[in-house]
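J.: The structure follows.
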Amino acid sequence: MSGLTFTLFNEPTQRLDLSPLTPQKLVGYGKAEIEKMELGGGRERVKVGDCFRVSGSNAETIVFEGGSRFLDRIGADMNGGTIRVTGDAGAMLGRRMAVGSIVVDGSAGPYAGSQMSDGRVEIKGDAGDFAGGPMAGEMRGMSGGTLIIRGRAGDRLADRMRRGLLAVLGGCGDYAGSRMIAGTIVVAGEAGRLPGYLMRRGSILLDQPPQELSPTFIASGPWFSAFASLLDRHLINEGIFDSPFLGEGPMRYVGDNAVPGKGELVISARQV
Amino acid sequence: MQNLTVNGVTIDDTFAEAFGMRATAIIITAPSMKWAVEAARTMTGFATSVIGCGCEAGVDVELSPDETPDGRPGVRVLIFAVSTDELQKQLLNRVGQCVLTSPGSACYAGLEGTEPLKLGSAMRYFGDGWQISKKLGNRHFWRLPVMDGEFVCEATTGLTKQAVGGGNLLLLAHGGTEALAAAEAAVEAMRAVPGVIMPFPGGIVRSGSKVGSKYKSLVASTNDAYSPVLRAQVASALDPDVNAVLEIVIDGETDEAVAAAMRAGLKAVIDLGPDGGARRVSAGNYGGKLGKFQYHLKDLLP
């Protein structure tokens with residue numbers, strides 16, 4: 001049984017909400033029924049069949065062939081199965097997902113992995129602002145699972161993050177881990193200004209000093225802990241890095257003392 | 001009842017009687033094997049018998065850096081007790097006093113059990129508010145600030161109810177030297193079996209006991225039938241040429257592990273032969289009425 005495939009043949013001219021197209025919501029539907037489903041998100045009434053050619057039948061494995069920055073909320077509220085996007089994704093990729101796996105070959109818009117609670121999202125390209133973060137008015141960001149951004153992430157990465165692992169391999173914008181509650185952020189590549197802004201707890205791991213380290217973070221010296229090697233091994237086992245990220249005796253800073261917070265910002269010993 | 005003789009060693013047609021126990025395992029790591037072993041030895045000290053120590057504990061196996069969660073040398077420790085509550089209490093007391101305190105140590109779950117036992121989730125309070133909770137995948141760790149850095153401790157470890165305590169071999173020899181040689185050979189062979197510990201000193205016990213006593217306050221007392229000095233005064237189980245008996249007690253994670261260890265020990269004793277080692281091998285039981293598990297020596301012959 002081949003995976004359910006949505007091949008984009010008509011570039012959308014408005015934002016489309018693809019949250020109805022998740023494994024759990026499509027189980028039991030035939031191809032014809034799926035093509036008639038309406039997609040919200042914009043002014044015009046758009047049906048799945050207007051943009052996508054549907055093939056395959058196994059809804060546990062969904063593929064979007066050809067992506068677009070207009071395709072919002074892919075895999076939102078997902079609670080099982082896998083989704084693959086062979087191009088770009090729009091905003092709110094995997095928002096509030098609880099179980100399952102999403103892989104995006106291209107880049108994703110803002111709020112990727114917003115409030116996800118478990119499962120795994122991997123973006124091979126870049127991600128917009130507020131990856132893993134909450135929407136306006138929400139109290140908590142990502143609360144579990146693994147979000148991997150192989151390219152660059154925008155500003156306010158992992159805002160109000162509460163649990164889970166967020167790894168970025170191509171650097172990130174300003175205020176990474178802002179208002180962070182707990183959890184782990186790993187950034188390889190240059191991080192922008194003031195990472196850990198108002199963070200309370202949690203860990204931000206960097207492989208080089210950020211553009212600007214807040215004066216409210218205080219150096220606690222080189223960090224020797226068995227936990228550093230647990231983390232390094234976990235990052236390798238998750239397929240995020242090939243070699244240890246932190247190494248022996250990385251520098252540890254604690255903060256944000258403006259809150260005051262008990263978080264930590266650790267800068268790898270194997271400086272690039 | 002026909003006793004067998006293999007390589008000159010008489011094997012009694014009898015069985016070891018063993019009991020169901022609760023067990024857990026932890027992995028202790030340290031900057032070097034020396035300190036992993038030191039922490040493990042300390043926490044498994046005074047853990048020979050549940051009768052007086054609350055638990056029976058020992059090192060199951062030494063682990064190379066690539067077998068441990070944090071890539072440092074480590075050991076796997078097994079702990080056995082008669083109830084879940086007692087096991088929990090012993091685990092926390094021993095890890096808290098002996099592993100937390102040991103230089104550079106870290107402590108991880110060594111068993112995926114049916115139920116969790118508290119480990120770091122109880123010890124975290126030592127951190128006085130500075131403890132840090134971290135979840136990696138589905139594993140939960142606590143980091144406690146200590147004077148040489150951080151004590152990393154997994155939140156919980158597993159409990160098994162499939163464990164067996166009290167597998168045993170009785171080694172009857174011409175003299176003390178031969179009995180000890182046989183017992184040492186057996187323990188060495190058994191230590192190679194995964195999932196078992198021999199909780200007594202060096203794996204060997206010389207004061208085997210029987211149930212009950214002439215003194216009302218004692219639940220167990222000396223095994224008079226196997227004591228050579230009482231041969232003339234009680235119903236002795238010893239032949240005239242036996243002047244020393246040593247016992248090996250085995251606790252295992254599973255029924256199969258205990259049987260495998262007894263088989264390995266039996267083979268080592270038989271290979272050693274009757275002149276330099278044991279002339280006769282027997283096993284302790286209570287007539288088969290008390291214990292859930294029976295290990296018949298004739299089924300375990302090499």
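Going through the structure tokens in order, the chains are called A, B, and so on, while each chain numbers its residues from 1 and the ligands are numbered from 1 in the order shown.
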Could you list, as a PyMOL selection string, the residues of chain B having an atom within 10 Å of chain A when counting only C-alpha atoms?

T.: chain B and resi 29-31+68-72+104-107+129-138+141-143+145+148-153

J.: What are the DSSP strand (DSSP E) residues of region 80-145 of chain A, as a PyMOL selection string?

T.: chain A and resi 80-85+99-104+120-123+143-145

J.: So that I can see what lies close to region 177-187 of chain B, please list as number ranges by chain the residues with an atom at most 10 Å from it, counting only C-alpha atoms and leaving out residues fewer than 6 positions away in the same chain.

T.: B: 169-171, 197-198, 202-206, 242-250, 261-279

J.: Would you kindly return, as a PDB file with N, CA and C atoms, in the first residue's frame, each protein, DNA or RNA residue with an atom no farther than 10 Å from any atom of Gln14 (chain A), considering only C-alpha atoms and excluding same-chain residues fewer than 6 positions away?

T.:
ATOM      1  N   GLY A  40      -9.451  25.772   4.215  1.00  0.00           N
ATOM      2  CA  GLY A  40      -9.636  27.162   4.630  1.00  0.00           C
ATOM      3  C   GLY A  40      -8.331  27.930   4.541  1.00  0.00           C
ATOM      4  N   GLY A  41      -8.344  29.078   5.120  1.00  0.00           N
ATOM      5  CA  GLY A  41      -7.108  29.852   5.213  1.00  0.00           C
ATOM      6  C   GLY A  41      -7.127  31.120   4.396  1.00  0.00           C
ATOM      7  N   GLY A  42      -7.947  31.170   3.351  1.00  0.00           N
ATOM      8  CA  GLY A  42      -7.928  32.368   2.505  1.00  0.00           C
ATOM      9  C   GLY A  42      -9.342  32.816   2.145  1.00  0.00           C
ATOM     10  N   ARG A  43      -9.424  33.781   1.251  1.00  0.00           N
ATOM     11  CA  ARG A  43     -10.704  34.372   0.885  1.00  0.00           C
ATOM     12  C   ARG A  43     -11.498  33.454  -0.043  1.00  0.00           C
ATOM     13  N   GLU A  44     -10.782  32.853  -0.993  1.00  0.00           N
ATOM     14  CA  GLU A  44     -11.446  31.994  -1.975  1.00  0.00           C
ATOM     15  C   GLU A  44     -11.756  30.622  -1.375  1.00  0.00           C
ATOM     16  N   VAL A  46     -11.358  26.911  -1.717  1.00  0.00           N
ATOM     17  CA  VAL A  46     -10.435  26.041  -2.447  1.00  0.00           C
ATOM     18  C   VAL A  46     -10.626  24.612  -1.979  1.00  0.00           C
ATOM     19  N   ARG A  69       5.317  28.118   0.271  1.00  0.00           N
ATOM     20  CA  ARG A  69       5.259  28.901   1.493  1.00  0.00           C
ATOM     21  C   ARG A  69       3.816  29.225   1.882  1.00  0.00           C
ATOM     22  N   PHE A  70       2.860  28.951   0.980  1.00  0.00           N
ATOM     23  CA  PHE A  70       1.453  29.204   1.292  1.00  0.00           C
ATOM     24  C   PHE A  70       0.789  28.029   2.027  1.00  0.00           C
ATOM     25  N   LEU A  71       1.479  26.919   2.138  1.00  0.00           N
ATOM     26  CA  LEU A  71       0.858  25.712   2.733  1.00  0.00           C
ATOM     27  C   LEU A  71       1.046  25.736   4.251  1.00  0.00           C
TER      28      LEU A  71
END

J.: If you count only C-alpha atoms, which residues fall within 12 Å of Gln24 (chain A), apart from same-chain ones fewer than 4 positions away, as a list in words?

T.: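 With the cut-off at 12 Å, the set is Ser19, Pro20, Gly28, Tyr29, Asn58, Ala59, Glu60, Thr61, Ile62, Gly75, Ala76, Asp77, Met78, Asn79, Gly80, Gly81, Thr82, Ile83, Met97, Ala98, Val99 and Gly100 of chain A.
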
J.: Write the residues of the selection above to a file with C-alpha atoms, as an mmCIF file, in the first residue's frame.

T.:
data_model
loop_
_atom_site.group_PDB
_atom_site.id
_atom_site.type_symbol
_atom_site.label_atom_id
_atom_site.label_comp_id
_atom_site.auth_asym_id
_atom_site.auth_seq_id
_atom_site.Cartn_x
_atom_site.Cartn_y
_atom_site.Cartn_z
ATOM 1 C CA SER A 19 -4.454 20.867 8.971
ATOM 2 C CA PRO A 20 -7.293 18.584 7.738
ATOM 3 C CA GLY A 28 -11.075 5.837 5.982
ATOM 4 C CA TYR A 29 -11.486 8.467 3.254
ATOM 5 C CA ASN A 58 -2.086 4.649 3.005
ATOM 6 C CA ALA A 59 -2.962 7.665 5.124
ATOM 7 C CA GLU A 60 -0.362 6.681 7.732
ATOM 8 C CA THR A 61 2.288 7.957 5.337
ATOM 9 C CA ILE A 62 1.440 11.263 3.728
ATOM 10 C CA GLY A 75 0.635 18.241 10.332
ATOM 11 C CA ALA A 76 -1.098 20.430 12.897
ATOM 12 C CA ASP A 77 -2.551 18.443 15.823
ATOM 13 C CA MET A 78 -1.057 15.314 14.319
ATOM 14 C CA ASN A 79 -1.175 12.275 16.594
ATOM 15 C CA GLY A 80 0.482 9.542 14.570
ATOM 16 C CA GLY A 81 1.927 8.538 11.245
ATOM 17 C CA THR A 82 4.394 10.428 9.103
ATOM 18 C CA ILE A 83 4.268 13.427 6.787
ATOM 19 C CA MET A 97 1.504 17.808 17.181
ATOM 20 C CA ALA A 98 1.540 15.049 19.793
ATOM 21 C CA VAL A 99 2.838 11.939 18.037
ATOM 22 C CA GLY A 100 4.413 11.150 14.700
#

J.: Tell me which protein, DNA and RNA residues are within 7 Å of Val61 (chain B), counting only C-alpha atoms, leaving out same-chain ones fewer than 2 positions away, and put them as a list in words.

T.: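 Returned residues: Val59, Leu63, Val75, Arg76 and Pro194 of chain B.
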
J.: Write out the residues from the selection above, keeping N, CA and C atoms, as an mmCIF file, in the first residue's frame.

T.:
data_model
loop_
_atom_site.group_PDB
_atom_site.id
_atom_site.type_symbol
_atom_site.label_atom_id
_atom_site.label_comp_id
_atom_site.auth_asym_id
_atom_site.auth_seq_id
_atom_site.Cartn_x
_atom_site.Cartn_y
_atom_site.Cartn_z
ATOM 1 N N VAL B 59 27.763 -6.735 42.516
ATOM 2 C CA VAL B 59 28.064 -6.298 41.153
ATOM 3 C C VAL B 59 27.724 -7.427 40.193
ATOM 4 N N LEU B 63 31.122 -2.730 32.987
ATOM 5 C CA LEU B 63 30.717 -2.273 31.658
ATOM 6 C C LEU B 63 31.802 -1.372 31.055
ATOM 7 N N VAL B 75 29.703 -0.002 36.219
ATOM 8 C CA VAL B 75 29.340 -1.346 36.662
ATOM 9 C C VAL B 75 27.823 -1.414 36.803
ATOM 10 N N ARG B 76 27.312 -2.615 36.621
ATOM 11 C CA ARG B 76 25.886 -2.838 36.852
ATOM 12 C C ARG B 76 25.736 -3.550 38.185
ATOM 13 N N PRO B 194 25.687 -13.561 33.230
ATOM 14 C CA PRO B 194 25.001 -12.288 33.436
ATOM 15 C C PRO B 194 23.728 -12.439 34.258
#

J.: Using only C-alpha atoms, determine which residues lie at most 8 Å from region 208-214 of chain B, disregarding the query and same-chain residues fewer than 6 positions distant; provide the list as number ranges by chain.

T.: B: 220-224, 246-247

J.: Which value, in Å to one decimal, gives the distance between CA of Leu147 (chain A) and CA of Leu166 (chain A)?

T.: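 Separation between CA of Leu147 (chain A) and CA of Leu166 (chain A): 4.7 Å.
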